[in-house]
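**Q** Provided herewith: target_38.cif, mmCIF, C-alpha atoms and all ligand atoms.
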```cif
data_upload
#
loop_
_atom_site.label_atom_id
_atom_site.label_comp_id
_atom_site.auth_asym_id
_atom_site.auth_seq_id
_atom_site.Cartn_x
_atom_site.Cartn_y
_atom_site.Cartn_z
CA MET F 1 4.73 -29.33 16.85
CA PHE F 2 1.60 -29.30 14.69
CA ILE F 3 2.54 -26.08 12.92
CA SER F 4 3.67 -26.54 9.32
CA GLU F 5 7.07 -25.46 8.14
CA LYS F 6 5.31 -23.08 5.74
CA ALA F 7 3.55 -21.32 8.60
CA ARG F 8 6.64 -21.28 10.77
CA ASN F 9 8.48 -19.46 8.01
CA ILE F 10 6.09 -16.50 8.00
CA SER F 11 7.86 -13.60 9.68
CA PRO F 12 5.92 -11.81 12.35
CA SER F 13 5.41 -8.22 11.30
CA PRO F 14 8.40 -6.16 12.42
CA THR F 15 5.97 -3.33 13.05
CA LEU F 16 4.11 -5.41 15.56
CA ALA F 17 6.48 -5.00 18.51
CA VAL F 18 6.35 -1.20 18.48
CA ASP F 19 2.63 -1.28 17.77
CA ALA F 20 1.93 -3.65 20.67
CA LYS F 21 4.00 -1.49 22.97
CA ALA F 22 2.12 1.66 21.85
CA LYS F 23 -1.20 -0.05 22.59
CA ARG F 24 0.03 -1.21 26.00
CA MET F 25 1.20 2.30 26.88
CA LYS F 26 -2.16 3.76 25.76
CA LYS F 27 -3.97 1.33 28.05
CA GLU F 28 -1.71 2.38 30.90
CA GLY F 29 -2.94 5.94 30.38
CA HIS F 30 -0.14 7.44 28.27
CA ASN F 31 -1.24 9.99 25.71
CA ILE F 32 0.30 8.37 22.63
CA ILE F 33 0.45 10.21 19.32
CA GLY F 34 0.32 7.69 16.51
CA PHE F 35 1.94 8.12 13.09
CA GLY F 36 1.40 4.47 12.21
CA ALA F 37 -1.98 4.54 10.49
CA GLY F 38 -2.22 2.73 7.17
CA GLU F 39 -5.72 4.01 6.55
CA PRO F 40 -7.41 7.40 6.03
CA ASP F 41 -8.55 8.99 9.28
CA PHE F 42 -11.76 10.12 7.54
CA ASP F 43 -15.02 8.29 8.05
CA THR F 44 -16.60 6.39 5.14
CA PRO F 45 -18.91 8.97 3.47
CA GLU F 46 -22.56 8.87 4.51
CA TYR F 47 -23.96 8.19 1.02
CA ILE F 48 -21.84 5.02 0.80
CA LYS F 49 -23.01 3.84 4.22
CA LEU F 50 -26.62 4.42 3.15
CA ALA F 51 -26.14 2.12 0.15
CA ALA F 52 -24.99 -0.62 2.52
CA ILE F 53 -27.95 -0.09 4.83
CA SER F 54 -30.28 -0.26 1.88
CA ALA F 55 -28.62 -3.53 0.75
CA ILE F 56 -29.29 -5.02 4.19
CA ASN F 57 -32.88 -3.82 4.20
CA GLN F 58 -33.43 -5.34 0.76
CA GLY F 59 -32.09 -8.67 1.97
CA PHE F 60 -28.96 -8.58 -0.17
CA THR F 61 -27.29 -10.79 2.41
CA LYS F 62 -26.59 -14.08 0.64
CA TYR F 63 -23.72 -15.62 -1.31
CA THR F 64 -22.88 -13.79 -4.52
CA PRO F 65 -20.80 -14.99 -7.48
CA VAL F 66 -17.27 -15.72 -6.20
CA GLY F 67 -15.55 -12.93 -8.11
CA GLY F 68 -18.19 -10.29 -7.36
CA ILE F 69 -21.58 -9.29 -8.77
CA GLU F 70 -21.87 -8.18 -12.37
CA GLU F 71 -23.05 -4.67 -11.44
CA LEU F 72 -19.88 -4.10 -9.43
CA LYS F 73 -17.68 -5.50 -12.20
CA ILE F 74 -19.30 -3.05 -14.63
CA ALA F 75 -18.67 -0.20 -12.18
CA ILE F 76 -15.02 -1.28 -11.91
CA SER F 77 -14.70 -1.57 -15.67
CA ASN F 78 -16.03 1.98 -16.07
CA TYR F 79 -13.69 3.19 -13.33
CA PHE F 80 -10.63 1.80 -15.13
CA GLU F 81 -11.81 3.15 -18.46
CA GLU F 82 -12.20 6.61 -17.00
CA GLU F 83 -8.96 6.54 -15.02
CA ILE F 84 -6.51 4.91 -17.43
CA GLY F 85 -8.44 4.45 -20.67
CA ILE F 86 -8.55 0.64 -20.67
CA LYS F 87 -11.91 -1.06 -21.19
CA TYR F 88 -11.83 -4.41 -19.36
CA THR F 89 -14.66 -6.91 -19.84
CA SER F 90 -16.31 -8.55 -16.83
CA ASN F 91 -14.36 -11.78 -17.29
CA GLN F 92 -11.13 -9.77 -16.95
CA ILE F 93 -12.15 -8.42 -13.53
CA MET F 94 -12.52 -9.98 -10.10
CA VAL F 95 -13.38 -8.69 -6.65
CA SER F 96 -11.81 -9.93 -3.41
CA ASN F 97 -11.67 -9.16 0.30
CA GLY F 98 -9.39 -6.17 -0.12
CA ALA F 99 -6.54 -5.52 -2.51
CA LYS F 100 -4.42 -7.71 -0.29
CA GLN F 101 -6.39 -10.83 -1.18
CA CYS F 102 -6.22 -9.92 -4.88
CA ILE F 103 -2.42 -9.84 -4.66
CA TYR F 104 -2.25 -13.12 -2.78
CA ASN F 105 -4.64 -14.80 -5.24
CA ALA F 106 -2.51 -13.55 -8.11
CA LEU F 107 0.81 -14.67 -6.67
CA TYR F 108 -0.64 -18.10 -5.88
CA CYS F 109 -1.80 -18.46 -9.46
CA LEU F 110 1.39 -17.15 -11.06
CA ILE F 111 4.25 -18.65 -9.06
CA ASP F 112 5.61 -22.18 -9.08
CA GLN F 113 8.07 -23.41 -6.45
CA GLY F 114 11.36 -21.54 -6.80
CA ASP F 115 10.12 -18.87 -9.23
CA LYS F 116 11.60 -15.46 -8.61
CA VAL F 117 9.59 -12.31 -7.97
CA LEU F 118 11.18 -8.88 -8.31
CA ILE F 119 10.19 -6.41 -5.61
CA PRO F 120 11.50 -2.83 -5.61
CA SER F 121 12.80 -1.94 -2.16
CA PRO F 122 11.62 -0.26 0.11
CA TYR F 123 8.49 -2.36 -0.27
CA TRP F 124 5.07 -2.87 1.26
CA VAL F 125 5.51 -5.38 4.11
CA SER F 126 3.19 -8.07 2.80
CA TYR F 127 4.73 -8.66 -0.65
CA PRO F 128 7.71 -10.79 0.45
CA GLU F 129 5.68 -12.81 2.92
CA MET F 130 3.04 -13.59 0.29
CA VAL F 131 5.73 -14.61 -2.19
CA LYS F 132 7.20 -16.93 0.44
CA LEU F 133 3.78 -18.47 1.18
CA CYS F 134 3.37 -19.19 -2.53
CA GLY F 135 6.74 -20.95 -2.75
CA GLY F 136 8.48 -18.13 -4.61
CA ILE F 137 11.70 -16.27 -3.95
CA SER F 138 11.67 -12.49 -3.48
CA ILE F 139 14.44 -10.60 -5.21
CA PHE F 140 14.72 -7.07 -3.88
CA VAL F 141 15.67 -4.38 -6.35
CA PRO F 142 17.08 -1.31 -4.59
CA THR F 143 15.80 2.20 -5.21
CA THR F 144 17.43 5.30 -3.78
CA GLU F 145 16.27 8.40 -1.98
CA ASN F 146 18.25 10.57 -4.44
CA ASN F 147 16.10 9.19 -7.19
CA SER F 148 12.87 9.65 -5.19
CA PHE F 149 12.79 5.86 -4.59
CA MET F 150 11.77 5.24 -8.16
CA LEU F 151 12.61 1.95 -9.82
CA LYS F 152 15.02 2.40 -12.68
CA ALA F 153 14.95 0.01 -15.62
CA GLU F 154 18.75 -0.17 -15.81
CA THR F 155 18.89 -1.32 -12.17
CA LEU F 156 16.03 -3.73 -12.61
CA GLU F 157 17.70 -5.38 -15.58
CA LYS F 158 20.63 -6.50 -13.43
CA TYR F 159 18.34 -8.58 -11.22
CA ILE F 160 16.58 -10.58 -13.94
CA ASP F 161 17.54 -14.18 -14.69
CA GLU F 162 15.85 -17.23 -16.24
CA LYS F 163 13.90 -17.99 -13.02
CA THR F 164 12.40 -14.49 -12.83
CA LYS F 165 8.69 -14.60 -13.54
CA VAL F 166 6.93 -11.69 -11.87
CA LEU F 167 7.60 -8.04 -11.10
CA ILE F 168 5.55 -6.19 -8.50
CA ILE F 169 5.35 -2.43 -8.81
CA ASN F 170 3.51 -0.06 -6.53
CA SER F 171 2.83 3.51 -7.59
CA PRO F 172 1.88 5.68 -5.74
CA ASN F 173 4.08 3.91 -3.30
CA ASN F 174 3.81 2.75 0.28
CA PRO F 175 6.06 3.56 2.20
CA CYS F 176 7.97 6.13 0.08
CA GLY F 177 5.16 8.18 -1.49
CA SER F 178 6.87 8.05 -4.88
CA VAL F 179 4.83 8.25 -8.07
CA TYR F 180 6.43 6.71 -11.15
CA SER F 181 6.83 8.93 -14.18
CA LYS F 182 5.52 7.89 -17.61
CA GLN F 183 9.06 7.62 -18.85
CA ASP F 184 10.11 5.28 -16.02
CA LEU F 185 7.04 3.11 -16.57
CA GLU F 186 7.68 2.93 -20.29
CA GLN F 187 11.24 1.71 -19.76
CA ILE F 188 10.13 -0.84 -17.15
CA ALA F 189 7.40 -2.03 -19.53
CA GLU F 190 9.93 -2.52 -22.34
CA LEU F 191 12.09 -4.59 -20.02
CA ALA F 192 9.12 -6.68 -18.90
CA VAL F 193 8.22 -7.47 -22.51
CA LYS F 194 11.82 -8.22 -23.47
CA ASN F 195 12.26 -10.64 -20.54
CA ASN F 196 8.76 -12.13 -20.60
CA LEU F 197 7.90 -10.91 -17.08
CA PHE F 198 4.41 -10.71 -15.69
CA VAL F 199 3.70 -7.47 -13.82
CA ILE F 200 1.46 -7.04 -10.80
CA SER F 201 0.79 -3.32 -10.62
CA ASP F 202 -0.52 -2.31 -7.21
CA GLU F 203 -2.31 1.00 -7.81
CA ILE F 204 -4.34 1.11 -4.59
CA TYR F 205 -3.27 4.73 -3.93
CA ASP F 206 -4.02 5.93 -7.48
CA LYS F 207 -6.40 8.70 -6.38
CA LEU F 208 -4.16 10.01 -3.60
CA ILE F 209 -1.78 12.05 -5.72
CA TYR F 210 -0.67 15.64 -5.14
CA ASP F 211 0.52 18.77 -6.91
CA GLY F 212 -1.61 18.11 -9.99
CA LEU F 213 0.31 14.96 -10.95
CA LYS F 214 -1.63 12.38 -12.91
CA HIS F 215 -1.49 8.66 -12.20
CA ALA F 216 -0.12 6.50 -15.00
CA SER F 217 -0.53 2.75 -15.27
CA ILE F 218 2.01 0.32 -16.73
CA ALA F 219 -0.89 -1.65 -18.26
CA THR F 220 -1.33 1.09 -20.87
CA TYR F 221 2.06 0.57 -22.54
CA GLU F 222 2.66 -1.46 -25.67
CA ASN F 223 2.18 -5.22 -25.27
CA MET F 224 1.57 -4.83 -21.53
CA LEU F 225 -2.14 -5.55 -21.33
CA GLU F 226 -1.68 -9.32 -21.63
CA ARG F 227 1.11 -9.37 -19.02
CA THR F 228 -0.24 -6.98 -16.37
CA LEU F 229 -2.62 -7.44 -13.48
CA LEU F 230 -3.94 -4.17 -12.07
CA ILE F 231 -4.70 -4.09 -8.37
CA ASN F 232 -6.98 -1.47 -6.90
CA GLY F 233 -9.88 -1.09 -4.49
CA VAL F 234 -12.02 1.23 -2.44
CA SER F 235 -10.03 0.98 0.82
CA LYS F 236 -7.87 4.08 0.51
CA SER F 237 -9.66 6.32 -2.02
CA PHE F 238 -13.05 6.12 -0.27
CA ALA F 239 -11.92 5.61 3.34
CA MET F 240 -13.34 2.07 3.28
CA THR F 241 -10.53 -0.07 4.71
CA GLY F 242 -12.84 -2.07 6.98
CA TRP F 243 -15.29 -2.97 4.21
CA ARG F 244 -12.69 -5.23 2.57
CA ILE F 245 -13.29 -4.69 -1.13
CA GLY F 246 -10.38 -4.82 -3.55
CA PHE F 247 -10.33 -5.64 -7.23
CA ALA F 248 -8.03 -6.94 -9.91
CA ALA F 249 -8.14 -6.60 -13.69
CA GLY F 250 -6.03 -8.49 -16.18
CA PRO F 251 -5.82 -11.44 -18.57
CA LYS F 252 -8.94 -13.62 -18.61
CA GLN F 253 -7.10 -16.90 -17.87
CA LEU F 254 -5.42 -15.47 -14.80
CA ILE F 255 -8.68 -14.00 -13.48
CA GLU F 256 -10.35 -17.36 -14.00
CA ALA F 257 -7.61 -19.15 -12.03
CA MET F 258 -7.80 -16.55 -9.26
CA GLU F 259 -11.57 -16.99 -9.04
CA ASN F 260 -11.16 -20.77 -8.80
CA PHE F 261 -8.63 -20.30 -6.01
CA GLN F 262 -10.85 -17.83 -4.15
CA SER F 263 -13.85 -20.16 -4.57
CA HIS F 264 -12.10 -22.65 -2.30
CA SER F 265 -10.67 -20.20 0.21
CA THR F 266 -13.04 -17.34 1.06
CA SER F 267 -15.77 -17.42 -1.63
CA ASN F 268 -17.31 -14.06 -2.52
CA PRO F 269 -16.41 -10.80 -0.81
CA ASN F 270 -19.08 -9.43 1.52
CA SER F 271 -22.34 -8.88 -0.37
CA ILE F 272 -23.26 -5.66 1.48
CA ALA F 273 -19.80 -4.15 0.99
CA GLN F 274 -20.08 -4.92 -2.73
CA LYS F 275 -23.25 -2.79 -2.92
CA ALA F 276 -21.55 0.00 -0.97
CA SER F 277 -18.62 -0.14 -3.38
CA ILE F 278 -20.92 0.24 -6.38
CA GLU F 279 -22.22 3.44 -4.82
CA ALA F 280 -18.65 4.64 -4.15
CA LEU F 281 -17.58 4.04 -7.74
CA THR F 282 -20.71 5.17 -9.58
CA ASN F 283 -21.92 8.21 -7.70
CA LEU F 284 -19.69 10.37 -9.82
CA ALA F 285 -20.55 13.80 -8.40
CA LYS F 286 -19.96 12.68 -4.83
CA LYS F 287 -16.96 10.55 -5.75
CA ASP F 288 -14.95 13.51 -7.01
CA GLU F 289 -15.95 15.67 -4.06
CA THR F 290 -15.06 12.93 -1.52
CA ILE F 291 -11.68 12.29 -3.04
CA SER F 292 -10.69 15.90 -3.64
CA LYS F 293 -11.54 16.87 -0.06
CA MET F 294 -9.32 14.10 1.23
CA VAL F 295 -6.52 14.90 -1.18
CA ASP F 296 -6.54 18.62 -0.24
CA GLU F 297 -6.39 17.82 3.45
CA PHE F 298 -3.64 15.20 3.03
CA SER F 299 -1.65 17.56 0.85
CA GLU F 300 -1.74 20.34 3.43
CA ARG F 301 -0.58 17.99 6.20
CA ARG F 302 2.14 16.57 3.96
CA THR F 303 3.59 19.97 3.12
CA TYR F 304 3.60 20.99 6.76
CA MET F 305 5.31 17.77 7.86
CA VAL F 306 7.99 17.85 5.20
CA LYS F 307 8.85 21.48 5.95
CA ARG F 308 9.14 20.83 9.65
CA ILE F 309 11.15 17.62 9.33
CA ASN F 310 13.68 19.18 6.99
CA LYS F 311 14.37 21.86 9.59
CA MET F 312 15.10 19.29 12.29
CA LYS F 313 18.53 18.25 13.39
CA ASN F 314 19.84 15.07 11.70
CA LEU F 315 16.53 14.32 9.98
CA SER F 316 15.42 14.76 6.38
CA CYS F 317 12.80 13.60 3.92
CA ASN F 318 11.64 13.95 0.32
CA LEU F 319 8.34 15.55 -0.55
CA PRO F 320 6.07 12.54 -1.21
CA LYS F 321 4.02 12.80 -4.39
CA GLY F 322 1.31 10.31 -3.46
CA ALA F 323 -0.24 8.01 -0.80
CA PHE F 324 -0.18 9.37 2.79
CA TYR F 325 3.27 8.58 4.15
CA VAL F 326 6.47 10.51 4.73
CA PHE F 327 9.60 8.35 4.63
CA MET F 328 12.01 10.12 6.96
CA ASN F 329 15.75 9.55 6.82
CA ILE F 330 17.05 9.07 10.37
CA SER F 331 20.56 7.86 9.58
CA GLY F 332 21.94 11.18 10.90
CA THR F 333 20.92 10.08 14.38
CA PHE F 334 22.83 6.78 14.28
CA ASN F 335 25.57 6.32 16.87
CA LYS F 336 24.08 9.13 18.93
CA GLN F 337 22.68 8.35 22.31
CA TYR F 338 19.74 9.10 24.52
CA ASP F 339 20.24 8.47 28.26
CA GLY F 340 23.05 6.08 27.49
CA ARG F 341 21.07 4.15 24.84
CA ILE F 342 22.72 4.25 21.45
CA ILE F 343 20.63 4.48 18.29
CA ASN F 344 21.90 1.91 15.81
CA ASN F 345 18.86 1.37 13.63
CA SER F 346 15.24 2.28 12.95
CA THR F 347 13.87 0.02 15.70
CA ASP F 348 16.06 1.72 18.34
CA PHE F 349 14.86 5.12 17.12
CA ALA F 350 11.19 4.07 17.19
CA GLU F 351 11.44 2.40 20.60
CA ILE F 352 13.09 5.31 22.38
CA LEU F 353 10.78 7.82 20.71
CA LEU F 354 7.78 5.85 21.93
CA GLU F 355 9.04 5.19 25.45
CA LYS F 356 10.36 8.68 26.16
CA TYR F 357 8.25 10.95 23.96
CA ASN F 358 4.98 9.00 23.52
CA VAL F 359 5.15 9.03 19.73
CA ALA F 360 4.51 5.84 17.74
CA VAL F 361 6.10 5.46 14.29
CA VAL F 362 6.87 2.50 12.01
CA PRO F 363 10.57 1.55 11.78
CA GLY F 364 11.83 1.42 8.20
CA ILE F 365 13.20 -2.10 8.69
CA ALA F 366 9.59 -3.26 8.20
CA PHE F 367 9.92 -2.08 4.60
CA GLY F 368 13.50 -3.27 4.15
CA ALA F 369 15.03 0.19 4.82
CA ASP F 370 16.63 0.52 8.23
CA ASP F 371 17.80 4.13 7.69
CA TYR F 372 14.20 5.34 7.68
CA ILE F 373 11.02 5.77 9.69
CA ARG F 374 7.57 5.84 8.12
CA LEU F 375 5.23 8.56 9.35
CA SER F 376 1.62 8.44 8.22
CA TYR F 377 -0.18 11.75 7.85
CA ALA F 378 -3.55 10.05 8.02
CA THR F 379 -4.06 11.74 11.36
CA SER F 380 -5.27 15.20 12.42
CA MET F 381 -3.20 18.33 11.94
CA GLU F 382 -3.30 18.81 15.70
CA ASN F 383 -1.73 15.38 16.25
CA ILE F 384 0.81 16.04 13.53
CA GLU F 385 1.87 19.29 15.17
CA LYS F 386 2.14 17.77 18.62
CA GLY F 387 3.90 14.65 17.35
CA LEU F 388 6.45 16.65 15.38
CA ASN F 389 7.13 18.85 18.41
CA GLN F 390 7.93 15.69 20.36
CA ILE F 391 10.16 14.31 17.60
CA GLU F 392 12.01 17.63 17.47
CA GLU F 393 12.60 17.56 21.22
CA PHE F 394 13.82 13.99 20.94
CA VAL F 395 16.40 14.66 18.24
CA GLU F 396 17.56 17.84 20.01
CA ALA F 397 18.22 15.73 23.13
CA LEU F 398 20.46 13.22 21.32
CA LYS F 399 24.15 13.40 22.09
C1 LIG E 1 0.64 -0.90 -1.13
C2 LIG E 1 -0.58 -1.53 -0.57
N1 LIG E 1 -1.18 -2.49 -1.28
C3 LIG E 1 -2.29 -3.10 -0.82
C4 LIG E 1 -2.83 -2.76 0.40
C5 LIG E 1 -4.03 -3.52 0.90
O1 LIG E 1 -5.24 -2.88 0.69
P1 LIG E 1 -6.59 -3.52 1.21
O2 LIG E 1 -6.86 -2.90 2.54
O3 LIG E 1 -7.62 -3.14 0.18
O4 LIG E 1 -6.42 -4.98 1.31
C6 LIG E 1 -2.23 -1.77 1.18
C7 LIG E 1 -2.76 -1.44 2.52
O5 LIG E 1 -2.11 -0.88 3.36
C8 LIG E 1 -1.06 -1.13 0.68
O6 LIG E 1 -0.45 -0.17 1.37
#
```
Will you turn the file into structure tokens for me?

**A**
Amino acid sequence: MFISEKARNISPSPTLAVDAKAKRMKKEGHNIIGFGAGEPDFDTPEYIKLAAISAINQGFTKYTPVGGIEELKIAISNYFEEEIGIKYTSNQIMVSNGAKQCIYNALYCLIDQGDKVLIPSPYWVSYPEMVKLCGGISIFVPTTENNSFMLKAETLEKYIDEKTKVLIINSPNNPCGSVYSKQDLEQIAELAVKNNLFVISDEIYDKLIYDGLKHASIATYENMLERTLLINGVSKSFAMTGWRIGFAAGPKQLIEAMENFQSHSTSNPNSIAQKASIEALTNLAKKDETISKMVDEFSERRTYMVKRINKMKNLSCNLPKGAFYVFMNISGTFNKQYDGRIINNSTDFAEILLEKYNVAVVPGIAFGADDYIRLSYATSMENIEKGLNQIEEFVEALK
């Protein structure tokens, strides 16, 4: 075999099997309702597209500096200053092909073989695989539904030892929709300082927050600036997932190392998408309007879904405070059967739901939580209604 051991160790996405099946069924003519989307169902706003078209017409189609053009870095700096009150300089900021690449760059530059990385669980699917690729060891720190899946400092403390180097936090959170409180963040920050941990704070959903809550960043707490890397981007807030622009802000030396690494892997992120991102971040009047329209729509769908789910037999969920996912507890359906097939875990639930009721969902095992299913509400209200009707019929039919 030519394939390296490293590559062989990468787990195929556990979401892939259900996803592939959903696609196959769609091709065969089934009317599948999908709750799997990890991206807004809204189109990228017209004014942002126009900025990209103008960049093409002006011939802005060549290599740029590896970590992004200065104008974009300034726009990002202003964005962070406005959002969380930290003024980063250009050499503390870099731009990559999506937030995902920022996180990978960072882990590569932070972790030596055998270093431990703390990851609150349930977690975003890519964190543990990236840690593995970088030679690190993921240590999962449990969070509980009762506590809105929020990481508690007293739990975290139990998982720290002398090999622990990095903590990844993600608020607002995928898949749980939790938004960390200032108090929680402050306690986690204290622990990070006390134990000399570096924190990667994935804040990609920072603008998708509901009920008037305000996003807080761990970077703002005492002595955290020099040990925190902020991760953000335009993918979710501006419905720009396909443009592949993410950014990171943190200590100068780390940013420099990440830029060196990126210079030998992918070079600069797409020049045209960089120009579009400047427009997204700097057109302030349109920015607020774009985001608030999306937030209002998401919030309405979220409330509807949560109400309906909590009325269904053997299902329940918390009201998510951010992002666009509902994390539904399905453990009440375990050991029940459908047509002789027993539901033992989230994959069984997802498979039968897809095969018999044409509804595609992501099994919680993908996020390290087999008692749950993730439902994205980045789909139309009509789909949500139909899909929930199907789910209701399914759980009613279980014996
Ligand atoms: C928690 C989290 N972080 C990072 C990303 C990646 O964002 P991007 O598309 O900008 O790479 C996602 C995308 O789903 C995500 O859910």

**Q** Name each residue within 7 Å of ligand LIG 1 (chain E), counting only C-alpha atoms and all ligand atoms, as a list in words.

**A**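 Listing the residues within 7 Å of ligand LIG 1 (chain E) gives Gly38, Glu39, Asn97, Gly98, Ala99, Lys100, Gln101, Trp124, Asn170, Asn173, Asn174, Asp202, Ile204, Gly233, Val234, Ser235, Thr241, Arg244, Ile245 and Gly246 of chain F.
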
**Q** Could you jot down the atom CA of Ala52 of chain F to atom CA of Ile93 of chain F separation for me, Å, one decimal place?

**A** 22.0 Å

**Q** Would you write out, as a Markdown table, a table of all residues in segment 177-244 of chain F that have an atom no more than 12 Å from an atom of segment 301-319 of chain F, listing for each the closest atom pair and the distance in Å to one decimal, considering all atoms listed in the file and ordering rows by chain and rising residue number?

**A**
```
| residue | atom | partner | partner_atom | distance |
| --- | --- | --- | --- | --- |
| F:Gly177 | CA | F:Leu319 | CA | 8.1 |
| F:Ser178 | CA | F:Leu319 | CA | 8.8 |
| F:Val179 | CA | F:Leu319 | CA | 11.1 |
| F:Leu208 | CA | F:Arg302 | CA | 11.8 |
| F:Ile209 | CA | F:Arg302 | CA | 11.4 |
| F:Tyr210 | CA | F:Arg302 | CA | 9.6 |
| F:Asp211 | CA | F:Thr303 | CA | 10.6 |
```

**Q** Next, dump the selected residues to file, keeping only C-alpha atoms, as a compact mmCIF listing (two decimals), in the coordinates of the input.

**A**
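Saved file out07.txt follows:
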```
# COMPACT_ATOMS: atom_id res chain seq x y z
CA GLY F 177 5.16 8.18 -1.49
CA SER F 178 6.87 8.05 -4.88
CA VAL F 179 4.83 8.25 -8.07
CA LEU F 208 -4.16 10.01 -3.60
CA ILE F 209 -1.78 12.05 -5.72
CA TYR F 210 -0.67 15.64 -5.14
CA ASP F 211 0.52 18.77 -6.91
```

**Q** Contacts between segment 136-143 of chain F and segment 346-379 of chain F, please, where a residue of segment 346-379 of chain F counts if it comes within 12 Å (with all atoms listed in the file); show its shortest atom pair and distance in Å to one decimal, rows by chain and ascending number, as a tab-separated table.

**A**
```
residue	atom	partner	partner_atom	distance
F:Phe367	CA	F:Phe140	CA	10.9
F:Gly368	CA	F:Phe140	CA	9.0
F:Ala369	CA	F:Pro142	CA	9.7
```

**Q** Using all atoms listed in the file, which of F:Thr333, F:Asn344, F:Thr64, F:Ser271 sits nearest Glu396 of chain F?

**A**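 Looking at the shortest contact to Glu396 of chain F, the residue is F:Thr333.
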
**Q** Calculated over all atoms listed in the file, which of the candidates F:Tyr63, F:Phe2, F:Tyr377, F:Tyr123 has the smallest distance to Ile272 of chain F?

**A**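 Of F:Tyr63, F:Phe2, F:Tyr377, F:Tyr123, the one nearest Ile272 of chain F, counting all atoms listed in the file, is F:Tyr63.
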
**Q** When you look at Ser96 of chain F with a cut-off of 12 Å (counting all atoms listed in the file), what residues show up, excluding the ones that are within fewer than 3 positions of it in the same chain? I need them as a PyMOL selection string.

**A** chain F and resi 64-69+72-73+93+99-106+231-235+243-249+255+258-259+261-263+265-271+273-274+277

**Q** Please provide as a list in words all residues within 9 Å of Glu157 of chain F, with the sequence filter that same-chain residues fewer than 5 positions apart are discarded (counting only C-alpha atoms).

**A**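 Non-adjacent residues within range: Lys152, Ile188 and Leu191 of chain F.
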
**Q** Could you please determine the separation between atom CA of Glu256 of chain F and atom CA of Arg227 of chain F in Å, to one decimal place?

**A**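 Interatomic distance, atom CA of Glu256 of chain F to atom CA of Arg227 of chain F: 14.8 Å.
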
**Q** When you draw a straight line from atom CA of Tyr325 of chain F to atom CA of Pro172 of chain F, how long is it in Å?

**A**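 Going from atom CA of Tyr325 of chain F over to atom CA of Pro172 of chain F covers 10.4 Å.
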
**Q** Specify the axis-aligned box that encloses all atoms of segment 228-235 of chain F listed in the file after padding of 5 Å on each side, stating its centre and edge lengths in Å to one decimal as lines of an AutoDock Vina configuration file.

**A**
```
center_x = -6.1
center_y = -3.1
center_z = -7.8
size_x = 21.8
size_y = 18.7
size_z = 27.2
```

**Q** Smallest atom-to-atom distance to Pro45 of chain F: which of F:Tyr108, F:Phe80, F:Phe238, F:Phe198, using all atoms listed in the file?

**A** F:Phe238

**Q** Pick out the closest residue to Lys236 of chain F from this set: F:Ala20, F:Ala323, F:Leu197, F:Leu281. Count only C-alpha atoms.

**A** F:Ala323

**Q** Find the residues around Ile74 of chain F up to 10 Å (all atoms listed in the file counted), leave out those fewer than 6 positions away in its own chain, and share them as a ChimeraX atom specification.

**A** /F:80,88-90,93,278,282

**Q** Out of F:Lys252, F:Ser331, F:Ile200, F:Gly212, which residue has the shortest atom-to-atom distance to Ser299 of chain F when counting all atoms listed in the file?

**A**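 Result for the nearest residue to Ser299 of chain F: F:Gly212.
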
**Q** Might you pull out every residue within 12 Å of Glu129 of chain F, with only C-alpha atoms counted and same-chain residues fewer than 2 positions away left off, and present them as a count of residues only?

**A** 30

**Q** Just checking: using all atoms listed in the file, which residue out of F:Thr44, F:Val199, F:Asp206, F:Pro251 ends up closest to Glu226 of chain F?

**A**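 Using all atoms listed in the file, the shortest distance to Glu226 of chain F belongs to F:Pro251.
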
**Q** With N, CA and C atoms as the target, complete segment 167-174 of chain F and hand it back as a PDB file, in the frame of the given file.

**A**
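The resulting file, out.pdb, is reproduced below:
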```
ATOM      1  N   LEU F 167       7.120  -9.307 -11.677  1.00  0.00           N
ATOM      2  CA  LEU F 167       7.600  -8.040 -11.100  1.00  0.00           C
ATOM      3  C   LEU F 167       6.409  -7.386 -10.414  1.00  0.00           C
ATOM      4  N   ILE F 168       6.625  -6.940  -9.169  1.00  0.00           N
ATOM      5  CA  ILE F 168       5.550  -6.190  -8.500  1.00  0.00           C
ATOM      6  C   ILE F 168       5.947  -4.715  -8.487  1.00  0.00           C
ATOM      7  N   ILE F 169       5.079  -3.860  -8.985  1.00  0.00           N
ATOM      8  CA  ILE F 169       5.350  -2.430  -8.810  1.00  0.00           C
ATOM      9  C   ILE F 169       4.187  -1.787  -8.059  1.00  0.00           C
ATOM     10  N   ASN F 170       4.500  -0.702  -7.389  1.00  0.00           N
ATOM     11  CA  ASN F 170       3.510  -0.060  -6.530  1.00  0.00           C
ATOM     12  C   ASN F 170       3.676   1.462  -6.632  1.00  0.00           C
ATOM     13  N   SER F 171       2.793   2.066  -7.419  1.00  0.00           N
ATOM     14  CA  SER F 171       2.830   3.510  -7.590  1.00  0.00           C
ATOM     15  C   SER F 171       1.405   4.035  -7.629  1.00  0.00           C
ATOM     16  N   PRO F 172       1.098   5.060  -6.811  1.00  0.00           N
ATOM     17  CA  PRO F 172       1.880   5.680  -5.740  1.00  0.00           C
ATOM     18  C   PRO F 172       2.277   4.646  -4.684  1.00  0.00           C
ATOM     19  N   ASN F 173       3.405   4.935  -4.073  1.00  0.00           N
ATOM     20  CA  ASN F 173       4.080   3.910  -3.300  1.00  0.00           C
ATOM     21  C   ASN F 173       3.909   4.038  -1.781  1.00  0.00           C
ATOM     22  N   ASN F 174       3.716   2.889  -1.163  1.00  0.00           N
ATOM     23  CA  ASN F 174       3.810   2.750   0.280  1.00  0.00           C
ATOM     24  C   ASN F 174       5.089   1.971   0.552  1.00  0.00           C
TER      25      ASN F 174
END
```
